[in-house]
Each structure stands twice: as C-alpha cells, then as structure tokens.
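Visitor: Once you've had a glance at the structure underneath, I'll fire off some questions.
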Amino acid sequence: MFHPTTSKSGRILFYPLILICKWMGKCSPVTLIRLRYFFTFRRCVDLKNPKDLNEKILWAKLYSDTSKWTELADKYKVRSYVESIGLKEILPKLYGVWYHIDEIDFASLPSSFIFKANNGDGTGTNLIVRDKDKMDEKQRKNILSTLDHWLKRKDIGILHVEPQYKDMVPCIIAEELLIQSDDTESLIDYKIWCIYGKAHYICVYYDRDVEGGKAYKLTYDLDWNAHPEYTVFTSDYPQGKLLPKPQNLEKMIHIAEQLSAGFPEVRVDLYNVNGKIYFGELTFTSQGGLMDSFSQEFLTELGSLINIKDFPPKKQKTK
C-alpha cells in the first residue's frame, strides 16, 4: 500500500506536505491528529468521548502521561523491564549497544546478527547481516552510513504524534538473528493484543518481504480460531493461510499477559522460533492510532473494554 510518509517516492513527492505536518506535530498535535484521522477514515475523530481502539489510543497520546511508554518502546531499555519481571530467557542475545557510529566494532560481532535502532518506529530500522565475513569494505561502509543515518534522525514519531519517541536517546543495538527452520520465508510475528493485562486476539504476520513492508496476515482468537472478518486485507497485506496452532500457545499468551500487566492497552509482539519464545517489542500506539488494518467491529470491541480514566494523567509542565 502506497503511503506518503513511508514510501521513498512518496516522501519526495509530498515533501512540502510532510514538512507542514511535522510543524503541526510540534505546534498543533490535536489538529494534525484530526486531519490525519479524517484523511484515513473520511470521518471526524471523537476525542471528547472516544469509543473505539483507535480513538482511545489517540486520546491517550494527547492527554495521558506517556513517560513509561518512552522507556518500554525503547528497544534497548525495554530489555531491563523484561528481565525485571523474570522473563530474561525470552530475550534474544544482545551483542552490543552503541551511541556513536565510530564505536561499532564489527570484529566483536558474530557472523550473523541484526542491527536495530532503539527508537525504530516501523519505518525500516532493522538491518540483517547474514554473514559479515562475506562483506566487502564498500558494503560495510554502506551499513555504517545507514546506521549513522538512524542515529541522526530527528522528529521520530512526530508525523503520527507519538510522544514516546521524543525523549529517547538514539542508539544502535546488535541482537541475535532469529531463524525459522520451516518453509516460511521469514519469522512469524505474533502480535498479541492485551487489555488490562489480559490477552484478547493474536494478529499473525508471516513471509515478510526483505524490506519488511509486505506480509501475509490473519487474526486469531485465543483458541486459535481464525477471524478474517476482523482484518482488512490489501495487496501488500493479503489474507494468510491457516497456520498450525503453536504447541506452546498458552505459554505465549501467559508471557504476553505478564508483559502487559498494569497497562490499559498494549500490543505484545513475540516470536516463536522452533518452539522457543522470543520477545519482539511492546507497542502502545499501533499505526499511531490510525489503524485501518482492522475492521470497525474489531476496533469497537477492544475499544469498549478500555476506560480512558485508567490512563495515568498527563503531568503538568512546571514553569
């Protein structure tokens, strides 16, 4: 699906509009949210009396305290949280963390690994290295140039008004490269929607393209019954086939509920590689609260379970 903020050609063509939206994200975030919501759904957002999942995420971004999101959406800092609740065993191995490009030492890294930006917002900030020994000097310089660009990116999340990214200190991490040993072309993402620490649905993505922008998907309930009626399919995200129920599904659900305890809503992303569960990330503002990838029935059902009064109140700025 073409999108002006994620497509390279779109960013060039719509550059003046993107600049205006960035200014609005800083100076008038409510207006930007109203405009983007209308552009996406062709109706006005209700921020005074939010009802569905999108509206309540948008309300929380604007009017609640999101400082905890900043810590837990950070792909490096969240590891401490996962470990603190006794789930260290689901963390992929960490090979290094760097705040400056000249600190990165390829010699200290294993043959295969994955680079990630800690403040990655879903716009191409993962880079897989399958065999570093086969890289020539030009390829290595290109990788370092990409990582340097990640470290210098500004205004992360501003186009979606995602305040959790604003106070993150950018860094690069290198983690274990997880490899699936079946006939799928990529890892299977299990995105588990949790409300008040209770799992409700699992959205599954698999066979992603090399750039991570296209995949097959399907939504399941906790008993592994498929619900295609809850998902909006596109040419980039077509309906996936029925996948076998993971043998340790109950354990995955339990882990997701442990990780989401204490939050009105959060999406817990896990991997299940050859029977071993791995942590992916915690997502508080899926698609920035502009999810057009789920049916209105799905959004209304989950939204009805959330009381906006349960989000922590926004801290008042001191003069």
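In the structure tokens, chains take letters A, B, ... by order of appearance, with residues numbered from 1 within each chain and ligands from 1 in the order shown.
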I'd like a table as a Markdown table: residues in segment 182-237 of chain A with an atom no more than 8 Å from segment 282-302 of chain A, each row giving the shortest atom pair and its distance in Å to one decimal, only C-alpha atoms counted, sorted by chain and rising residue number.

Guide:
| residue | atom | partner | partner_atom | distance |
| --- | --- | --- | --- | --- |
| A:Ile195 | CA | A:Leu302 | CA | 7.7 |
| A:Glu229 | CA | A:Ser295 | CA | 7.0 |
| A:Tyr230 | CA | A:Ser295 | CA | 4.9 |
| A:Thr231 | CA | A:Phe294 | CA | 4.4 |
| A:Val232 | CA | A:Ser293 | CA | 4.8 |
| A:Phe233 | CA | A:Ser293 | CA | 7.1 |

Visitor: Could you produce a table of the residues of segment 26-83 of chain A lying within 6 Å of segment 115-126 of chain A, with the nearest pair of atoms per residue and their separation in Å rounded to one decimal, using only C-alpha atoms, ordered by chain and increasing residue number, as a Markdown table?

Guide:
| residue | atom | partner | partner_atom | distance |
| --- | --- | --- | --- | --- |
| A:Asp74 | CA | A:Asn118 | CA | 5.2 |
| A:Lys75 | CA | A:Asn118 | CA | 4.4 |
| A:Tyr76 | CA | A:Asn118 | CA | 5.5 |

Visitor: Keeping only all heavy atoms, write those residues as a compact mmCIF listing (two decimals), in the first residue's frame.

Guide:
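In the end it all went to selection_30.txt:
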# COMPACT_ATOMS: atom_id res chain seq x y z
N ASP A 74 11.39 1.71 23.83
CA ASP A 74 12.81 1.74 23.51
C ASP A 74 13.31 0.30 23.42
O ASP A 74 13.27 -0.45 24.41
CB ASP A 74 13.56 2.51 24.59
CG ASP A 74 15.03 2.71 24.29
OD1 ASP A 74 15.70 1.73 23.92
OD2 ASP A 74 15.52 3.84 24.46
N LYS A 75 13.79 -0.10 22.26
CA LYS A 75 14.15 -1.50 22.03
C LYS A 75 15.37 -1.94 22.83
O LYS A 75 15.63 -3.15 22.94
CB LYS A 75 14.36 -1.75 20.54
CG LYS A 75 13.08 -1.65 19.73
CD LYS A 75 13.32 -1.80 18.24
CE LYS A 75 12.00 -1.78 17.46
NZ LYS A 75 11.23 -0.54 17.68
N TYR A 76 16.11 -0.99 23.39
CA TYR A 76 17.22 -1.34 24.28
C TYR A 76 16.78 -1.33 25.74
O TYR A 76 16.94 -2.32 26.46
CB TYR A 76 18.39 -0.38 24.07
CG TYR A 76 19.52 -0.59 25.05
CD1 TYR A 76 20.14 -1.84 25.15
CD2 TYR A 76 19.97 0.44 25.86
CE1 TYR A 76 21.18 -2.05 26.05
CE2 TYR A 76 21.01 0.25 26.76
CZ TYR A 76 21.61 -0.99 26.86
OH TYR A 76 22.62 -1.20 27.75

Visitor: Which residue is closest to Gly262 of chain A? Choose from A:Ser145, A:Ala107, A:Lys68, A:Ser304 and count only C-alpha atoms.

Guide: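 Once distances to Gly262 of chain A are computed over only C-alpha atoms, the minimum belongs to A:Lys68.
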
Visitor: Please identify all polymer residues within 10 Å of Met252 of chain A, counting only C-alpha atoms, omitting same-chain residues fewer than 2 positions from it, and present them as a list in words.

Guide: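 Neighbouring residues, sequence-local ones excluded: Tyr190, Ile192, Ala199, Pro246, Gln247, Asn248, Leu249, Glu250, His254, Ile255, Ala256, Glu257, Gln258, Val268, Leu270, Tyr271, Asn272, Lys276, Ile277, Tyr278 and Phe279 of chain A.
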
Visitor: Excluding same-chain residues fewer than 3 positions from segment 167-174 of chain A, what lies within 8 Å of it counting only C-alpha atoms, as a PyMOL selection string?

Guide: chain A and resi 70-71+74+76+94-100+113-119+147+150-152+163-164

Visitor: Considering only C-alpha atoms, return as number ranges by chain whatever protein or nucleic-acid residues lie within 7 Å of Ser112 of chain A, sequence-local ones (same chain, fewer than 2 positions apart) excluded.

Guide: A: 110, 129-132, 177

Visitor: Which residues are close to Pro29 of chain A, i.e. within 10 Å by only C-alpha atoms, leaving aside same-chain residues fewer than 2 positions away? Reply as a PyMOL selection string.

Guide: chain A and resi 21-27+31-35+61-62+158-162

Visitor: Those residues with all heavy atoms, as a short mmCIF file (atom, residue, chain, number, x, y, z; two decimals), in the first residue's frame please?

Guide:
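Output file out_34.cif is given in full below:
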data_model
loop_
_atom_site.label_atom_id
_atom_site.label_comp_id
_atom_site.auth_asym_id
_atom_site.auth_seq_id
_atom_site.Cartn_x
_atom_site.Cartn_y
_atom_site.Cartn_z
N CYS A 21 3.23 18.95 8.06
CA CYS A 21 2.72 18.02 9.08
C CYS A 21 3.68 17.93 10.27
O CYS A 21 3.24 17.82 11.42
CB CYS A 21 2.50 16.65 8.47
SG CYS A 21 1.07 16.57 7.37
N LYS A 22 4.99 17.98 10.00
CA LYS A 22 5.95 17.95 11.10
C LYS A 22 5.79 19.20 11.97
O LYS A 22 5.85 19.12 13.20
CB LYS A 22 7.37 17.86 10.55
CG LYS A 22 7.77 16.48 10.09
CD LYS A 22 9.24 16.42 9.71
CE LYS A 22 9.67 15.00 9.38
NZ LYS A 22 11.11 14.91 9.05
N TRP A 23 5.60 20.34 11.32
CA TRP A 23 5.39 21.58 12.09
C TRP A 23 4.13 21.46 12.94
O TRP A 23 4.12 21.84 14.12
CB TRP A 23 5.27 22.77 11.13
CG TRP A 23 4.97 24.05 11.84
CD1 TRP A 23 5.85 24.91 12.43
CD2 TRP A 23 3.66 24.61 12.06
NE1 TRP A 23 5.20 25.97 13.00
CE2 TRP A 23 3.86 25.82 12.79
CE3 TRP A 23 2.37 24.24 11.71
CZ2 TRP A 23 2.79 26.63 13.18
CZ3 TRP A 23 1.31 25.04 12.09
CH2 TRP A 23 1.52 26.22 12.82
N MET A 24 3.06 20.91 12.36
CA MET A 24 1.82 20.75 13.10
C MET A 24 2.00 19.76 14.25
O MET A 24 1.43 19.94 15.33
CB MET A 24 0.70 20.27 12.17
CG MET A 24 0.28 21.30 11.14
SD MET A 24 -0.99 20.66 10.02
CE MET A 24 -2.35 20.46 11.14
N GLY A 25 2.79 18.71 14.02
CA GLY A 25 3.03 17.73 15.07
C GLY A 25 3.68 18.36 16.29
O GLY A 25 3.43 17.94 17.42
N LYS A 26 4.50 19.37 16.07
CA LYS A 26 5.16 20.07 17.18
C LYS A 26 4.26 21.14 17.78
O LYS A 26 4.18 21.29 19.00
CB LYS A 26 6.45 20.73 16.69
CG LYS A 26 7.55 19.76 16.30
CD LYS A 26 8.77 20.52 15.81
CE LYS A 26 9.90 19.60 15.43
NZ LYS A 26 11.09 20.33 14.92
N CYS A 27 3.59 21.90 16.92
CA CYS A 27 2.87 23.09 17.38
C CYS A 27 1.37 22.89 17.58
O CYS A 27 0.76 23.60 18.38
CB CYS A 27 3.09 24.24 16.39
SG CYS A 27 4.83 24.65 16.15
N THR A 31 -4.66 19.18 16.03
CA THR A 31 -5.10 19.46 14.66
C THR A 31 -4.56 18.42 13.69
O THR A 31 -5.28 17.94 12.80
CB THR A 31 -4.65 20.87 14.24
OG1 THR A 31 -5.18 21.83 15.14
CG2 THR A 31 -5.13 21.18 12.83
N LEU A 32 -3.28 18.06 13.86
CA LEU A 32 -2.68 17.06 12.97
C LEU A 32 -3.41 15.72 13.11
O LEU A 32 -3.70 15.06 12.10
CB LEU A 32 -1.20 16.89 13.28
CG LEU A 32 -0.46 15.85 12.43
CD1 LEU A 32 -0.58 16.15 10.94
CD2 LEU A 32 1.01 15.74 12.84
N ILE A 33 -3.71 15.33 14.33
CA ILE A 33 -4.42 14.07 14.54
C ILE A 33 -5.79 14.12 13.89
O ILE A 33 -6.23 13.17 13.22
CB ILE A 33 -4.53 13.76 16.05
CG1 ILE A 33 -3.20 13.19 16.55
CG2 ILE A 33 -5.68 12.79 16.33
CD1 ILE A 33 -3.17 12.92 18.03
N ARG A 34 -6.49 15.24 14.05
CA ARG A 34 -7.83 15.35 13.44
C ARG A 34 -7.75 15.25 11.92
O ARG A 34 -8.57 14.57 11.29
CB ARG A 34 -8.48 16.68 13.86
CG ARG A 34 -8.86 16.74 15.33
CD ARG A 34 -9.66 18.00 15.64
NE ARG A 34 -9.97 18.11 17.05
CZ ARG A 34 -10.97 17.47 17.66
NH1 ARG A 34 -11.75 16.67 16.95
NH2 ARG A 34 -11.20 17.62 18.94
N LEU A 35 -6.76 15.90 11.33
CA LEU A 35 -6.62 15.88 9.88
C LEU A 35 -6.24 14.48 9.38
O LEU A 35 -6.80 13.98 8.40
CB LEU A 35 -5.57 16.90 9.43
CG LEU A 35 -5.98 18.38 9.53
CD1 LEU A 35 -4.79 19.27 9.21
CD2 LEU A 35 -7.14 18.67 8.59
N LYS A 61 -2.43 9.40 23.69
CA LYS A 61 -1.22 10.08 23.22
C LYS A 61 -1.24 11.56 23.59
O LYS A 61 -0.22 12.14 23.93
CB LYS A 61 -1.10 9.95 21.70
CG LYS A 61 -0.79 8.56 21.20
CD LYS A 61 -0.32 8.56 19.76
CE LYS A 61 -1.30 9.22 18.81
NZ LYS A 61 -0.83 9.17 17.41
N LEU A 62 -2.42 12.16 23.52
CA LEU A 62 -2.54 13.59 23.72
C LEU A 62 -2.67 13.98 25.19
O LEU A 62 -2.12 15.00 25.62
CB LEU A 62 -3.75 14.13 22.95
CG LEU A 62 -3.65 14.14 21.44
CD1 LEU A 62 -5.01 14.40 20.82
CD2 LEU A 62 -2.64 15.19 20.98
N ILE A 158 6.89 12.04 14.99
CA ILE A 158 6.14 13.30 15.03
C ILE A 158 4.99 13.31 14.03
O ILE A 158 3.95 13.94 14.27
CB ILE A 158 7.09 14.50 14.80
CG1 ILE A 158 6.41 15.79 15.26
CG2 ILE A 158 7.53 14.61 13.35
CD1 ILE A 158 7.34 16.96 15.37
N LEU A 159 5.13 12.61 12.91
CA LEU A 159 4.06 12.60 11.90
C LEU A 159 2.83 11.84 12.40
O LEU A 159 1.73 12.05 11.91
CB LEU A 159 4.56 11.98 10.60
CG LEU A 159 5.53 12.85 9.80
CD1 LEU A 159 6.09 12.07 8.62
CD2 LEU A 159 4.86 14.11 9.31
N HIS A 160 3.03 10.95 13.37
CA HIS A 160 1.91 10.23 13.97
C HIS A 160 1.61 10.75 15.38
O HIS A 160 0.79 10.17 16.09
CB HIS A 160 2.20 8.74 14.04
CG HIS A 160 1.92 7.99 12.76
ND1 HIS A 160 2.87 7.82 11.78
CD2 HIS A 160 0.79 7.39 12.30
CE1 HIS A 160 2.34 7.13 10.77
NE2 HIS A 160 1.08 6.87 11.06
N VAL A 161 2.30 11.82 15.78
CA VAL A 161 2.15 12.39 17.14
C VAL A 161 2.33 11.27 18.17
O VAL A 161 1.44 10.95 18.95
CB VAL A 161 0.79 13.09 17.32
CG1 VAL A 161 0.78 13.86 18.64
CG2 VAL A 161 0.47 14.02 16.16
N GLU A 162 3.51 10.67 18.16
CA GLU A 162 3.84 9.61 19.11
C GLU A 162 4.90 10.14 20.08
O GLU A 162 6.10 10.07 19.82
CB GLU A 162 4.35 8.38 18.36
CG GLU A 162 3.27 7.74 17.49
CD GLU A 162 3.76 6.59 16.64
OE1 GLU A 162 4.63 6.83 15.79
OE2 GLU A 162 3.27 5.47 16.83
#

Visitor: Quick check for you: according to DSSP on this backbone, which residues of segment 199-274 of chain A are classed as strand (DSSP E)? Reply as a list in words.

Guide: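 Checking each residue of segment 199-274 of chain A, the strand (DSSP E) ones are Ala199, His200, Tyr201, Ile202, Cys203, Val204, Tyr205, Tyr206, Tyr216, Lys217, Leu218, Thr219, Tyr220, Asp221, Glu265, Val266, Arg267, Val268, Asp269, Leu270, Tyr271, Asn272 and Val273 of chain A.
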
Visitor: Please save N, CA, C and O atoms of the selected residues as a PDB file, in the first residue's frame.

Guide:
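Result written to part_20.pdb:
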ATOM      1  N   ALA A 199      -4.905 -11.003  27.484  1.00  0.00           N
ATOM      2  CA  ALA A 199      -4.832 -11.155  26.041  1.00  0.00           C
ATOM      3  C   ALA A 199      -6.219 -11.370  25.457  1.00  0.00           C
ATOM      4  O   ALA A 199      -7.080 -11.996  26.081  1.00  0.00           O
ATOM      5  N   HIS A 200      -6.436 -10.843  24.224  1.00  0.00           N
ATOM      6  CA  HIS A 200      -7.733 -10.985  23.569  1.00  0.00           C
ATOM      7  C   HIS A 200      -7.623 -11.580  22.168  1.00  0.00           C
ATOM      8  O   HIS A 200      -8.376 -12.498  21.840  1.00  0.00           O
ATOM      9  N   TYR A 201      -6.724 -11.050  21.355  1.00  0.00           N
ATOM     10  CA  TYR A 201      -6.579 -11.557  19.991  1.00  0.00           C
ATOM     11  C   TYR A 201      -5.101 -11.575  19.607  1.00  0.00           C
ATOM     12  O   TYR A 201      -4.283 -10.861  20.206  1.00  0.00           O
ATOM     13  N   ILE A 202      -4.800 -12.386  18.610  1.00  0.00           N
ATOM     14  CA  ILE A 202      -3.429 -12.510  18.125  1.00  0.00           C
ATOM     15  C   ILE A 202      -3.429 -12.244  16.627  1.00  0.00           C
ATOM     16  O   ILE A 202      -4.073 -12.974  15.861  1.00  0.00           O
ATOM     17  N   CYS A 203      -2.756 -11.200  16.203  1.00  0.00           N
ATOM     18  CA  CYS A 203      -2.618 -10.898  14.784  1.00  0.00           C
ATOM     19  C   CYS A 203      -1.275 -11.460  14.316  1.00  0.00           C
ATOM     20  O   CYS A 203      -0.228 -11.121  14.872  1.00  0.00           O
ATOM     21  N   VAL A 204      -1.330 -12.333  13.316  1.00  0.00           N
ATOM     22  CA  VAL A 204      -0.138 -13.063  12.874  1.00  0.00           C
ATOM     23  C   VAL A 204       0.301 -12.578  11.497  1.00  0.00           C
ATOM     24  O   VAL A 204      -0.509 -12.474  10.571  1.00  0.00           O
ATOM     25  N   TYR A 205       1.589 -12.255  11.372  1.00  0.00           N
ATOM     26  CA  TYR A 205       2.187 -11.847  10.097  1.00  0.00           C
ATOM     27  C   TYR A 205       3.294 -12.847   9.758  1.00  0.00           C
ATOM     28  O   TYR A 205       4.066 -13.250  10.637  1.00  0.00           O
ATOM     29  N   TYR A 206       3.409 -13.213   8.480  1.00  0.00           N
ATOM     30  CA  TYR A 206       4.488 -14.116   8.085  1.00  0.00           C
ATOM     31  C   TYR A 206       4.836 -13.875   6.616  1.00  0.00           C
ATOM     32  O   TYR A 206       4.122 -13.194   5.883  1.00  0.00           O
ATOM     33  N   TYR A 216       1.865 -11.624   4.650  1.00  0.00           N
ATOM     34  CA  TYR A 216       0.554 -12.236   4.802  1.00  0.00           C
ATOM     35  C   TYR A 216       0.126 -12.077   6.255  1.00  0.00           C
ATOM     36  O   TYR A 216       0.962 -12.101   7.171  1.00  0.00           O
ATOM     37  N   LYS A 217      -1.186 -11.934   6.476  1.00  0.00           N
ATOM     38  CA  LYS A 217      -1.626 -11.742   7.858  1.00  0.00           C
ATOM     39  C   LYS A 217      -2.997 -12.365   8.075  1.00  0.00           C
ATOM     40  O   LYS A 217      -3.776 -12.585   7.134  1.00  0.00           O
ATOM     41  N   LEU A 218      -3.284 -12.632   9.345  1.00  0.00           N
ATOM     42  CA  LEU A 218      -4.575 -13.170   9.744  1.00  0.00           C
ATOM     43  C   LEU A 218      -4.705 -13.015  11.252  1.00  0.00           C
ATOM     44  O   LEU A 218      -3.704 -13.087  11.975  1.00  0.00           O
ATOM     45  N   THR A 219      -5.928 -12.789  11.726  1.00  0.00           N
ATOM     46  CA  THR A 219      -6.184 -12.601  13.147  1.00  0.00           C
ATOM     47  C   THR A 219      -6.840 -13.855  13.730  1.00  0.00           C
ATOM     48  O   THR A 219      -7.744 -14.432  13.121  1.00  0.00           O
ATOM     49  N   TYR A 220      -6.367 -14.252  14.917  1.00  0.00           N
ATOM     50  CA  TYR A 220      -6.875 -15.433  15.608  1.00  0.00           C
ATOM     51  C   TYR A 220      -7.363 -15.044  17.005  1.00  0.00           C
ATOM     52  O   TYR A 220      -6.856 -14.077  17.595  1.00  0.00           O
ATOM     53  N   ASP A 221      -8.314 -15.833  17.534  1.00  0.00           N
ATOM     54  CA  ASP A 221      -8.665 -15.656  18.940  1.00  0.00           C
ATOM     55  C   ASP A 221      -7.746 -16.543  19.777  1.00  0.00           C
ATOM     56  O   ASP A 221      -6.844 -17.217  19.250  1.00  0.00           O
ATOM     57  N   GLU A 265      -3.903  -0.704  27.641  1.00  0.00           N
ATOM     58  CA  GLU A 265      -3.763  -1.421  26.368  1.00  0.00           C
ATOM     59  C   GLU A 265      -2.312  -1.417  25.939  1.00  0.00           C
ATOM     60  O   GLU A 265      -1.587  -0.453  26.144  1.00  0.00           O
ATOM     61  N   VAL A 266      -1.894  -2.529  25.356  1.00  0.00           N
ATOM     62  CA  VAL A 266      -0.574  -2.625  24.742  1.00  0.00           C
ATOM     63  C   VAL A 266      -0.566  -3.871  23.865  1.00  0.00           C
ATOM     64  O   VAL A 266      -1.214  -4.871  24.163  1.00  0.00           O
ATOM     65  N   ARG A 267       0.124  -3.769  22.743  1.00  0.00           N
ATOM     66  CA  ARG A 267       0.296  -4.925  21.864  1.00  0.00           C
ATOM     67  C   ARG A 267       1.654  -5.537  22.154  1.00  0.00           C
ATOM     68  O   ARG A 267       2.672  -4.844  22.089  1.00  0.00           O
ATOM     69  N   VAL A 268       1.659  -6.813  22.496  1.00  0.00           N
ATOM     70  CA  VAL A 268       2.899  -7.517  22.813  1.00  0.00           C
ATOM     71  C   VAL A 268       3.310  -8.348  21.601  1.00  0.00           C
ATOM     72  O   VAL A 268       2.575  -9.236  21.172  1.00  0.00           O
ATOM     73  N   ASP A 269       4.479  -8.057  21.055  1.00  0.00           N
ATOM     74  CA  ASP A 269       4.962  -8.759  19.866  1.00  0.00           C
ATOM     75  C   ASP A 269       5.973  -9.821  20.272  1.00  0.00           C
ATOM     76  O   ASP A 269       7.001  -9.506  20.901  1.00  0.00           O
ATOM     77  N   LEU A 270       5.676 -11.067  19.919  1.00  0.00           N
ATOM     78  CA  LEU A 270       6.544 -12.190  20.249  1.00  0.00           C
ATOM     79  C   LEU A 270       6.885 -12.977  18.992  1.00  0.00           C
ATOM     80  O   LEU A 270       6.176 -12.908  17.988  1.00  0.00           O
ATOM     81  N   TYR A 271       7.962 -13.749  19.079  1.00  0.00           N
ATOM     82  CA  TYR A 271       8.316 -14.722  18.057  1.00  0.00           C
ATOM     83  C   TYR A 271       8.316 -16.108  18.705  1.00  0.00           C
ATOM     84  O   TYR A 271       8.530 -16.240  19.918  1.00  0.00           O
ATOM     85  N   ASN A 272       8.078 -17.104  17.896  1.00  0.00           N
ATOM     86  CA  ASN A 272       8.085 -18.472  18.383  1.00  0.00           C
ATOM     87  C   ASN A 272       8.929 -19.273  17.400  1.00  0.00           C
ATOM     88  O   ASN A 272       8.437 -19.732  16.366  1.00  0.00           O
ATOM     89  N   VAL A 273      10.219 -19.397  17.704  1.00  0.00           N
ATOM     90  CA  VAL A 273      11.178 -19.958  16.760  1.00  0.00           C
ATOM     91  C   VAL A 273      11.556 -21.370  17.174  1.00  0.00           C
ATOM     92  O   VAL A 273      12.206 -21.576  18.203  1.00  0.00           O
TER      93      VAL A 273
END

Visitor: Have a look at atom CA of Gly197 of chain A and atom CA of Ser260 of chain A and let me know their distance in Å, one decimal.

Guide: 4.8 Å

Visitor: Which of segment 134-284 of chain A counts as alpha helix (DSSP H) under DSSP, as a ChimeraX atom specification please?

Guide: /A:137-152,249-260

Visitor: Taking N, CA, C and O atoms for each residue, export the selection above as a compact mmCIF listing (two decimals), in the first residue's frame.

Guide:
# COMPACT_ATOMS: atom_id res chain seq x y z
N GLU A 137 34.52 -4.06 1.81
CA GLU A 137 34.64 -2.77 2.50
C GLU A 137 33.53 -1.80 2.11
O GLU A 137 33.02 -1.05 2.94
N LYS A 138 33.13 -1.83 0.85
CA LYS A 138 32.06 -0.95 0.40
C LYS A 138 30.74 -1.29 1.09
O LYS A 138 30.01 -0.39 1.53
N GLN A 139 30.43 -2.56 1.21
CA GLN A 139 29.20 -2.97 1.89
C GLN A 139 29.22 -2.57 3.35
O GLN A 139 28.21 -2.12 3.90
N ARG A 140 30.37 -2.70 3.96
CA ARG A 140 30.49 -2.32 5.38
C ARG A 140 30.29 -0.83 5.56
O ARG A 140 29.61 -0.39 6.49
N LYS A 141 30.86 -0.05 4.66
CA LYS A 141 30.68 1.41 4.73
C LYS A 141 29.23 1.80 4.51
O LYS A 141 28.72 2.72 5.14
N ASN A 142 28.56 1.09 3.59
CA ASN A 142 27.14 1.37 3.35
C ASN A 142 26.30 1.08 4.59
O ASN A 142 25.37 1.83 4.92
N ILE A 143 26.62 0.00 5.28
CA ILE A 143 25.91 -0.34 6.51
C ILE A 143 26.15 0.73 7.56
O ILE A 143 25.21 1.21 8.21
N LEU A 144 27.38 1.13 7.74
CA LEU A 144 27.69 2.16 8.73
C LEU A 144 27.01 3.48 8.39
O LEU A 144 26.56 4.21 9.28
N SER A 145 26.92 3.79 7.10
CA SER A 145 26.22 5.01 6.68
C SER A 145 24.74 4.94 7.06
O SER A 145 24.16 5.93 7.53
N THR A 146 24.14 3.77 6.87
CA THR A 146 22.74 3.59 7.24
C THR A 146 22.54 3.75 8.73
O THR A 146 21.62 4.43 9.20
N LEU A 147 23.42 3.13 9.51
CA LEU A 147 23.32 3.22 10.96
C LEU A 147 23.54 4.65 11.44
O LEU A 147 22.87 5.11 12.38
N ASP A 148 24.45 5.35 10.80
CA ASP A 148 24.70 6.75 11.16
C ASP A 148 23.45 7.59 10.89
O ASP A 148 23.11 8.49 11.67
N HIS A 149 22.77 7.29 9.79
CA HIS A 149 21.51 7.99 9.47
C HIS A 149 20.47 7.74 10.56
O HIS A 149 19.77 8.67 10.98
N TRP A 150 20.40 6.51 11.03
CA TRP A 150 19.45 6.20 12.11
C TRP A 150 19.74 7.02 13.36
O TRP A 150 18.83 7.55 13.99
N LEU A 151 21.02 7.14 13.69
CA LEU A 151 21.40 7.88 14.90
C LEU A 151 21.10 9.37 14.79
O LEU A 151 20.86 10.04 15.80
N LYS A 152 21.08 9.87 13.57
CA LYS A 152 20.89 11.31 13.36
C LYS A 152 19.45 11.69 13.02
O LYS A 152 19.16 12.88 12.82
N LEU A 249 1.23 -22.26 22.68
CA LEU A 249 0.41 -21.05 22.58
C LEU A 249 0.03 -20.53 23.96
O LEU A 249 0.07 -19.32 24.21
N GLU A 250 -0.36 -21.42 24.86
CA GLU A 250 -0.78 -20.98 26.19
C GLU A 250 0.36 -20.26 26.91
O GLU A 250 0.13 -19.27 27.62
N LYS A 251 1.58 -20.73 26.72
CA LYS A 251 2.73 -20.08 27.35
C LYS A 251 2.95 -18.70 26.73
O LYS A 251 3.27 -17.73 27.45
N MET A 252 2.78 -18.58 25.41
CA MET A 252 2.92 -17.28 24.76
C MET A 252 1.90 -16.30 25.32
O MET A 252 2.23 -15.14 25.60
N ILE A 253 0.67 -16.75 25.47
CA ILE A 253 -0.38 -15.88 26.00
C ILE A 253 -0.05 -15.45 27.42
O ILE A 253 -0.21 -14.28 27.79
N HIS A 254 0.43 -16.40 28.23
CA HIS A 254 0.79 -16.08 29.62
C HIS A 254 1.90 -15.04 29.66
O HIS A 254 1.86 -14.09 30.46
N ILE A 255 2.91 -15.20 28.81
CA ILE A 255 4.02 -14.24 28.76
C ILE A 255 3.51 -12.86 28.34
O ILE A 255 3.89 -11.84 28.93
N ALA A 256 2.64 -12.83 27.33
CA ALA A 256 2.08 -11.55 26.88
C ALA A 256 1.32 -10.86 28.01
O ALA A 256 1.41 -9.64 28.18
N GLU A 257 0.60 -11.63 28.79
CA GLU A 257 -0.17 -11.04 29.89
C GLU A 257 0.75 -10.56 31.01
O GLU A 257 0.46 -9.53 31.65
N GLN A 258 1.85 -11.24 31.24
CA GLN A 258 2.83 -10.76 32.20
C GLN A 258 3.42 -9.43 31.76
O GLN A 258 3.56 -8.48 32.56
N LEU A 259 3.78 -9.34 30.50
CA LEU A 259 4.42 -8.14 29.97
C LEU A 259 3.46 -6.95 29.92
O LEU A 259 3.89 -5.80 30.01
N SER A 260 2.17 -7.21 29.76
CA SER A 260 1.19 -6.13 29.59
C SER A 260 0.50 -5.72 30.87
O SER A 260 -0.31 -4.80 30.86

Visitor: So, with only C-alpha atoms as the atoms that count, which of A:Tyr165, A:Leu242, A:Ile128, A:Ala60 lies closest to Ser186 of chain A?

Guide: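 With only C-alpha atoms as the atom set, the closest residue is A:Ile128.
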
Visitor: Would you mind reading off the distance between atom CA of Asp236 of chain A and atom CA of Arg208 of chain A, one decimal, in Å?

Guide: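 Straight-line distance from atom CA of Asp236 of chain A to atom CA of Arg208 of chain A works out to 9.8 Å.
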
Visitor: I'd like the neighbourhood of Lys315 of chain A as a list in words, where a residue qualifies if any of its atoms comes within 12 Å (using only C-alpha atoms), though same-chain residues fewer than 4 positions away should be ignored.

Guide: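 These residues fall inside the cut-off: Leu62, Tyr63, Ser64, Asp65, Thr66, Ser67 and Phe311 of chain A.
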
Visitor: Atom CA of Arg36 of chain A to atom CA of Lys154 of chain A: how many Å, to one decimal?

Guide: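 Atom-to-atom, atom CA of Arg36 of chain A to atom CA of Lys154 of chain A, that is 20.5 Å.
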